[in-house]
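Peer 1: Below you'll find the structure I mean.
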Number of protein chains: 2
Amino acid sequence: MDLIQLKEGSAIIEVPKKVIQHITEKNEVFYNPAMAVNRDLTVFLLRVFVKEKDRPIKVAEPLAASAIRSIRILKEVPNVEKVYINDLSLDALNYARKNLELNNIDLSKVEIFNEDANVFLLKTKYYDYIDIDPFGTPVDFLDATAKSLAHRGIAGITATDTAPLSATYPRTCLRRYFAKPIENEFYHEVGLRILIKKIAEFFFQYDIPIEVVFSYSYLHHFRVFIKRYRGARRVDEILKNNIGYLLYCHKCLYRDTLPITDLREIDLTCPVCGHQLDWAGPLWIGNLWNTDYVNQMVEELPNVEVQKETEKLLKLIEKESKVPSVGFYTLSALGKALKLPYLPTKKQVLKELNAVETHFAGDGFRTSLNHQEVIEKIKTLVGKS
Amino acid sequence: MDLIQLKEGSAIIEVPKKVIQHITEKNEVFYNPAMAVNRDLTVFLLRVFVKEKDRPIKVAEPLAASAIRSIRILKEVPNVEKVYINDLSLDALNYARKNLELNNIDLSKVEIFNEDANVFLLKTKYYDYIDIDPFGTPVDFLDATAKSLAHRGIAGITATDTAPLSATYPRTCLRRYFAKPIENEFYHEVGLRILIKKIAEFFFQYDIPIEVVFSYSYLHHFRVFIKRYRGARRVDEILKNNIGYLLYCHKCLYRDTLPITDLREIDLTCPVCGHQLDWAGPLWIGNLWNTDYVNQMVEELPNVEVQKETEKLLKLIEKESKVPSVGFYTLSALGKALKLPYLPTKKQVLKELNAVETHFAGDGFRTSLNHQEVIEKIKTLVGKS
């Protein structure tokens with residue numbers, strides 16, 4: 001078999017050549033070079049997490065495949081006590097072992113398992129960090145993750161089924177996530193928020209509160225890092241303030257949120273233009289980032305060798321995280337909805353609306369202005385007020 | 001230790017005396033004599049199921065405790081290939097082994113495991129029948145059950161956390177079941193329907209459609225038997241038609257349902273009296289019984305020795321299952337809401353409203369008449385129209 005050696009971060013891995021020519025879960029060992037950004041950000045996040053912990057952490061990778069992520073964590077994150085590597089495929093584990101050797105990993109810091117990912121988690125719990133990086137949806141692994149994460153532990157969870165979450169397949173979204181997605185200018189953000197709601201449900205049902213520490217959408221995946229705490233009362237608070245519905249006007253772009261407990265307050269007439277409102281959810285209407293974490297991750301940039309893309313994304317999110325809003329505006333959607341004769345420049349908008357860019361869309365921006373203020377200011381900018 | 005021998009159905013079991021004096025999950029082996037009705041009905045249901053299957057079935061009892069249920073299934077249900085008995089407690093398994101012996105069970109028909117219930121299910125799957133009978137809520141076991149049930153298999157699931165489901169602890173219900181319960185005359189039925197919604201979600205997320213074969217509320221537990229099928233399209237249909245919200249008027253008792261996909265149609269003003277409507281859910285708004293199953297279960301009554309209570313309950317449900325409605329009326333609630341000078345007799349109501357009794361409430365009845373018809377006929381009965 002033709003093998004190929006690849007470098008990513010400080011790791012070298014060897015996989016069959018065909019594995020990177022055709023990315024499919026049927027490959028004997030799964031490796032996707034496009035996920036380097038995903039692993040880069042995991043390293044940054046864990047570098048911040050271990051500082052906070054100030055003690056060695058226990059890490060689980062239930063779907064380890066080539067073990068590239070485990071190797072990078074061991075080489076690029078200080079104070080990792082042990083990484084528990086699991087894969088159901090013996091073929092994959094053979095590559096994982098070879099790659100551990102190739103990277104001179106101290107084998108006393110590794111334990112290898114060959115189990116179903118959920119059985120592995122349930123039998124070897126608890127972990128300070130669990131990484132769920134499946135091909136497709138992570139729902140299969142959420143119950144065991146909720147049961148296996150240590151108090152104040154973090155789980156990093158990837159979803160590559162962005163199409164259902166982003167309204168291309170709304171019926172699949174309803175089946176799989178029990179929520180309605182929406183087709184609008186921030187459909188990816190809605191998808192990410194539906195994913196977080198689903199993750200939250202699995203923790204909440206066991207009286208475990210969660211906080212979203214970091215999250216993003218990039219190419220064909222969503223990624224969320226949540227931190228767990230303790231206390232049923234805290235779950236009640238988080239549920240009340242962070243789970244709800246998005247109300248959205250396809251005509252004038254008005255948007256608002258409704259806590260899940262306040263269905264009685266629902267009014268599906270747009271208060272701005274009178275058009276019937278559409279809705280999405282239930283979804284997470286809380287913060288997508290812990291700004292302390294984001295700032296500290298940015299501070300780690302000089303200390304780790306990563307993709308240019310990762311640096312760009314992280315710096316964008318650093319600014320974006322300062323303006324916590326559910327949804328954002330895009331110039332193209334505003335142009336269409338307001339029938340603008342021409343579009344203002346992004347520079348103008350950022351300045352005049354006190355806005356920040358968003359990593360979700362090139363021509364998007366977040367602002368803490370309310371909807372009417374946004375509309376007025378945009379009209380003024382193009383002399384249409 | 002003082003031991004006591006008990007007879008239930010055709011089984012004899014031996015447990016420490018104190019176990020039945022004080023029912024708590026802390027007991028070294030759990031046995032609750034009040035659950036005999038629960039096990040009686042399981043036997044009836046399985047007797048119908050094995051006829052339908054017409055081949056030996058594979059049964060799992062992940063929380064076996066004294067093994068009373070497994071023993072009864074082996075003695076009272078024909079064509080059981082094997083029962084897989086699991087308990088995390090070695091103490092409990094010792095009693096289980098002794099009880100198997102005491103009942104002369106053919107040990108080739110039994111396999112015993114000492115695992116976490118979820119690990120047991122995931123490692124030994126698939127099963128034609130899985131029984132989940134925990135102390136408290138079953139949510140801990142739903143993910144593994146959905147993953148371990150064979151095609152066209154049945155799961156029997158008990159919940160003893162009726163207080164949250166029935167609106168005594170609404171915040172716990174929201175955390176645990178992601179649904180709002182309601183305080184009204186059919187709050188137990190709402191609780192059962194919220195439980196079914198939760199079970200359905202776990203199956204639906206894996207593209208598995210379910211049907212409710214049998215369900216009931218009795219003393220301090222709810223119990224649901226669901227059957228699984230195949231096909232994502234079928235899940236879509238079931239979701240659209242069977243999951244939704246209850247709308248309810250506390251003033252005039254008006255009630256209606258709203259499919260989960262139709263939030264846009266929501267109107268929270270009572271169409272009858274104009275009062276603001278309350279709501280519950282999301283919950284299961286489909287059938288609570290497969291009438292074929294119920295009829296066949298009743299036919300099994302002469303063939304098995306069971307509690308008088310079981311017979312009474314099953315015969316009541318046989319009639320009740322013929323009128324599929326979401327919610328029912330009670331004479332006391334009608335009397336209060338309509339300020340009736342006196343209450344009509346139940347006999348009158350059953351006759352004049354073409355109604356049937358319900359096992360959920362002694363003074364309750366189901367009818368296929370609409371709300372206005374019910375109100376008019378009740379008023380006529382007490383000469384108040």
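Following the order of the structure tokens, first chain is A, next is B, and so on, with residues numbered from 1 inside each chain and ligands from 1 in the order they appear.
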As a VMD selection string, please: all residues of segment 27-133 of chain A that backbone DSSP puts in alpha helix (DSSP H).
Peer 2: chain A and resid 36 to 53 68 to 76 90 to 102 117 to 124
Peer 1: Quick one: residues within 12 Å of segment 371-380 of chain B, only C-alpha atoms counted, chain neighbours fewer than 4 positions away excluded, as a PyMOL selection string?
Peer 2: chain B and resi 248-249+252-256+270-273+325+327-335+337-346+348-355+365-367+384-385
Peer 1: Please report as a PDB file with all heavy atoms, in the first residue's frame which residues of chain A come no farther than 6 Å from chain B, using only C-alpha atoms.
Peer 2:
ATOM      1  N   VAL A 119     -19.196   2.901  24.669  1.00  0.00           N
ATOM      2  CA  VAL A 119     -18.791   1.931  25.693  1.00  0.00           C
ATOM      3  C   VAL A 119     -17.460   2.373  26.300  1.00  0.00           C
ATOM      4  O   VAL A 119     -17.284   2.374  27.528  1.00  0.00           O
ATOM      5  CB  VAL A 119     -18.672   0.513  25.084  1.00  0.00           C
ATOM      6  CG1 VAL A 119     -18.018  -0.442  26.073  1.00  0.00           C
ATOM      7  CG2 VAL A 119     -20.051   0.007  24.663  1.00  0.00           C
ATOM      8  N   ARG A 175     -35.877  15.783  12.910  1.00  0.00           N
ATOM      9  CA  ARG A 175     -35.695  14.423  13.442  1.00  0.00           C
ATOM     10  C   ARG A 175     -34.506  14.351  14.387  1.00  0.00           C
ATOM     11  O   ARG A 175     -34.569  13.800  15.471  1.00  0.00           O
ATOM     12  CB  ARG A 175     -35.393  13.431  12.311  1.00  0.00           C
ATOM     13  CG  ARG A 175     -36.517  13.010  11.452  1.00  0.00           C
ATOM     14  CD  ARG A 175     -36.185  11.723  10.704  1.00  0.00           C
ATOM     15  NE  ARG A 175     -34.942  11.720   9.955  1.00  0.00           N
ATOM     16  CZ  ARG A 175     -34.780  12.180   8.728  1.00  0.00           C
ATOM     17  NH1 ARG A 175     -35.775  12.735   8.088  1.00  0.00           N
ATOM     18  NH2 ARG A 175     -33.605  12.110   8.125  1.00  0.00           N
ATOM     19  N   ARG A 176     -33.381  14.880  13.896  1.00  0.00           N
ATOM     20  CA  ARG A 176     -32.109  14.671  14.581  1.00  0.00           C
ATOM     21  C   ARG A 176     -31.878  15.647  15.735  1.00  0.00           C
ATOM     22  O   ARG A 176     -31.288  15.287  16.748  1.00  0.00           O
ATOM     23  CB  ARG A 176     -30.987  14.809  13.548  1.00  0.00           C
ATOM     24  CG  ARG A 176     -29.652  14.282  13.987  1.00  0.00           C
ATOM     25  CD  ARG A 176     -28.652  14.338  12.848  1.00  0.00           C
ATOM     26  NE  ARG A 176     -28.895  13.337  11.819  1.00  0.00           N
ATOM     27  CZ  ARG A 176     -28.364  13.378  10.595  1.00  0.00           C
ATOM     28  NH1 ARG A 176     -27.574  14.384  10.241  1.00  0.00           N
ATOM     29  NH2 ARG A 176     -28.624  12.419   9.734  1.00  0.00           N
ATOM     30  N   PHE A 204     -28.403  18.894  30.413  1.00  0.00           N
ATOM     31  CA  PHE A 204     -29.456  19.392  31.305  1.00  0.00           C
ATOM     32  C   PHE A 204     -30.282  18.247  31.894  1.00  0.00           C
ATOM     33  O   PHE A 204     -30.715  18.306  33.037  1.00  0.00           O
ATOM     34  CB  PHE A 204     -30.380  20.345  30.558  1.00  0.00           C
ATOM     35  CG  PHE A 204     -29.750  21.664  30.181  1.00  0.00           C
ATOM     36  CD1 PHE A 204     -30.415  22.558  29.353  1.00  0.00           C
ATOM     37  CD2 PHE A 204     -28.487  22.015  30.653  1.00  0.00           C
ATOM     38  CE1 PHE A 204     -29.845  23.784  29.009  1.00  0.00           C
ATOM     39  CE2 PHE A 204     -27.899  23.230  30.296  1.00  0.00           C
ATOM     40  CZ  PHE A 204     -28.588  24.112  29.482  1.00  0.00           C
ATOM     41  N   GLN A 205     -30.553  17.210  31.086  1.00  0.00           N
ATOM     42  CA  GLN A 205     -31.413  16.126  31.573  1.00  0.00           C
ATOM     43  C   GLN A 205     -30.792  15.415  32.782  1.00  0.00           C
ATOM     44  O   GLN A 205     -31.501  14.777  33.554  1.00  0.00           O
ATOM     45  CB  GLN A 205     -31.728  15.146  30.445  1.00  0.00           C
ATOM     46  CG  GLN A 205     -30.567  14.270  30.045  1.00  0.00           C
ATOM     47  CD  GLN A 205     -30.866  13.411  28.811  1.00  0.00           C
ATOM     48  OE1 GLN A 205     -32.018  13.205  28.450  1.00  0.00           O
ATOM     49  NE2 GLN A 205     -29.824  12.923  28.165  1.00  0.00           N
TER      50      GLN A 205
END
Peer 1: Show me, as a VMD selection string, the residues that have an atom within 7 Å of segment 24-35 of chain A when counting only C-alpha atoms, minus same-chain residues fewer than 4 positions from it.
Peer 2: chain A and resid 19 to 20 39 65 to 66 91 to 92 135
Peer 1: Could the residues in this selection be written to a file with N, CA and C atoms, as a CSV table (one decimal), in the first residue's frame?
Peer 2:
chain,number,residue,atom,x,y,z
A,19,VAL,N,-6.2,7.7,1.3
A,19,VAL,CA,-7.0,8.2,2.4
A,19,VAL,C,-7.2,9.7,2.2
A,20,ILE,N,-6.1,10.4,1.7
A,20,ILE,CA,-6.3,11.9,1.6
A,20,ILE,C,-6.7,12.2,0.2
A,39,ARG,N,-8.2,21.2,14.6
A,39,ARG,CA,-7.2,20.7,15.6
A,39,ARG,C,-6.3,21.9,16.1
A,65,ALA,N,-9.0,7.6,15.2
A,65,ALA,CA,-8.5,7.4,13.8
A,65,ALA,C,-7.0,7.4,13.8
A,66,SER,N,-6.3,8.2,13.0
A,66,SER,CA,-4.9,8.3,12.8
A,66,SER,C,-4.2,8.7,14.1
A,91,ASP,N,-7.6,-1.5,12.3
A,91,ASP,CA,-6.7,-0.9,11.2
A,91,ASP,C,-6.3,0.5,11.7
A,92,ALA,N,-7.3,1.3,12.1
A,92,ALA,CA,-7.0,2.6,12.5
A,92,ALA,C,-6.0,2.6,13.6
A,135,PHE,N,-17.5,11.7,11.8
A,135,PHE,CA,-17.8,11.9,10.4
A,135,PHE,C,-19.4,12.1,10.4
Peer 1: Could you check the closest approach to Arg223 of chain B for each of B:Leu195, B:Ile317, B:Leu88, B:Leu100 and tell me which residue wins, using only C-alpha atoms?
Peer 2: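 Using only C-alpha atoms, the shortest distance to Arg223 of chain B belongs to B:Leu195.
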Peer 1: Write out as a ChimeraX atom specification the set of residues from segment 39-156 of chain B that DSSP, computed on the backbone, places in strand (DSSP E).
Peer 2: /B:57-61,80-86,110-113,127-132,149-156
Peer 1: Rank nothing, just name the residue among B:Ala67, B:Ile285, B:Gly231, B:Val326 nearest to Glu101 of chain B, using only C-alpha atoms.
Peer 2: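 Looking only at the distances to Glu101 of chain B, the closest residue turns out to be B:Ala67.
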Peer 1: Write out as a list in words which residues come within 8 Å of Gly136 of chain B when counting only C-alpha atoms, dropping same-chain ones fewer than 4 positions away.
Peer 2: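 Listed by chain and then number, they are Ala159, Thr160 and Asp161 of chain B.
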Peer 1: Rounded to one decimal place, report the atom CA of Ala163 of chain A-atom CA of Pro62 of chain A distance in Å.
Peer 2: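 It comes out at 24.4 Å.
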Peer 1: Could you check which of A:Ser70, A:Pro78, A:Arg97, A:Asp40 is closest to Arg55 of chain A, using only C-alpha atoms?
Peer 2: A:Pro78
Peer 1: Which residue gives the smallest distance to Ala36 of chain A among A:Thr145, A:Thr358, A:Gln307, A:Thr124, with only C-alpha atoms counted?
Peer 2: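 Of A:Thr145, A:Thr358, A:Gln307, A:Thr124, the one nearest Ala36 of chain A is A:Gln307, counting only C-alpha atoms.
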Peer 1: I'd like the contact shell of Gln296 of chain A - 10 Å cut-off, only C-alpha atoms, skipping same-chain residues fewer than 6 positions apart - returned as a VMD selection string.
Peer 2: chain A and resid 44 to 45 47 to 49 51 318
Peer 1: If you keep N, CA and C atoms, can you produce a file of those selected residues as a PDB file, in the first residue's frame?
Peer 2:
ATOM      1  N   PHE A  44      -5.145  25.473  20.924  1.00  0.00           N
ATOM      2  CA  PHE A  44      -5.207  26.774  21.601  1.00  0.00           C
ATOM      3  C   PHE A  44      -6.119  26.718  22.818  1.00  0.00           C
ATOM      4  N   LEU A  45      -7.280  26.147  22.606  1.00  0.00           N
ATOM      5  CA  LEU A  45      -8.245  26.096  23.694  1.00  0.00           C
ATOM      6  C   LEU A  45      -7.700  25.302  24.879  1.00  0.00           C
ATOM      7  N   ARG A  47      -4.585  24.803  25.637  1.00  0.00           N
ATOM      8  CA  ARG A  47      -3.471  25.540  26.282  1.00  0.00           C
ATOM      9  C   ARG A  47      -4.015  26.531  27.318  1.00  0.00           C
ATOM     10  N   VAL A  48      -5.169  27.109  27.021  1.00  0.00           N
ATOM     11  CA  VAL A  48      -5.806  28.011  27.990  1.00  0.00           C
ATOM     12  C   VAL A  48      -6.402  27.201  29.149  1.00  0.00           C
ATOM     13  N   PHE A  49      -7.039  26.088  28.790  1.00  0.00           N
ATOM     14  CA  PHE A  49      -7.698  25.237  29.786  1.00  0.00           C
ATOM     15  C   PHE A  49      -6.699  24.696  30.824  1.00  0.00           C
ATOM     16  N   LYS A  51      -3.891  25.945  31.743  1.00  0.00           N
ATOM     17  CA  LYS A  51      -3.452  27.055  32.613  1.00  0.00           C
ATOM     18  C   LYS A  51      -4.457  27.259  33.736  1.00  0.00           C
ATOM     19  N   GLU A 318     -12.145  36.959  17.857  1.00  0.00           N
ATOM     20  CA  GLU A 318     -11.781  37.804  19.007  1.00  0.00           C
ATOM     21  C   GLU A 318     -12.600  39.093  18.987  1.00  0.00           C
TER      22      GLU A 318
END
Peer 1: Would you mind telling me which residue in A:Glu185, A:Asp106, A:Asp2, A:Asp87 lies nearest to Lys336 of chain A when using only C-alpha atoms?
Peer 2: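 Looking only at the distances to Lys336 of chain A, the closest residue turns out to be A:Glu185.
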Peer 1: Can you pull out every residue within 7 Å of Leu258 of chain B, counting only C-alpha atoms, but drop anything in the same chain fewer than 5 positions away, and send it as a list of chain:residue names?
Peer 2: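 So, after excluding close chain neighbours, the residues are B:Gly244, B:Tyr245, B:Leu246.
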Peer 1: Would you compute the distance between atom CA of Phe222 of chain B and atom CA of Val50 of chain B? Give it in Å to one decimal.
Peer 2: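 Between atom CA of Phe222 of chain B and atom CA of Val50 of chain B the gap is 23.5 Å.
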Peer 1: Which polymer residues have any atom within 8 Å of an atom of Glu189 of chain B, counting only C-alpha atoms, with same-chain residues fewer than 4 positions away left out, as JSON, numbers by chain?
Peer 2: {"B": [193, 217, 327, 360]}
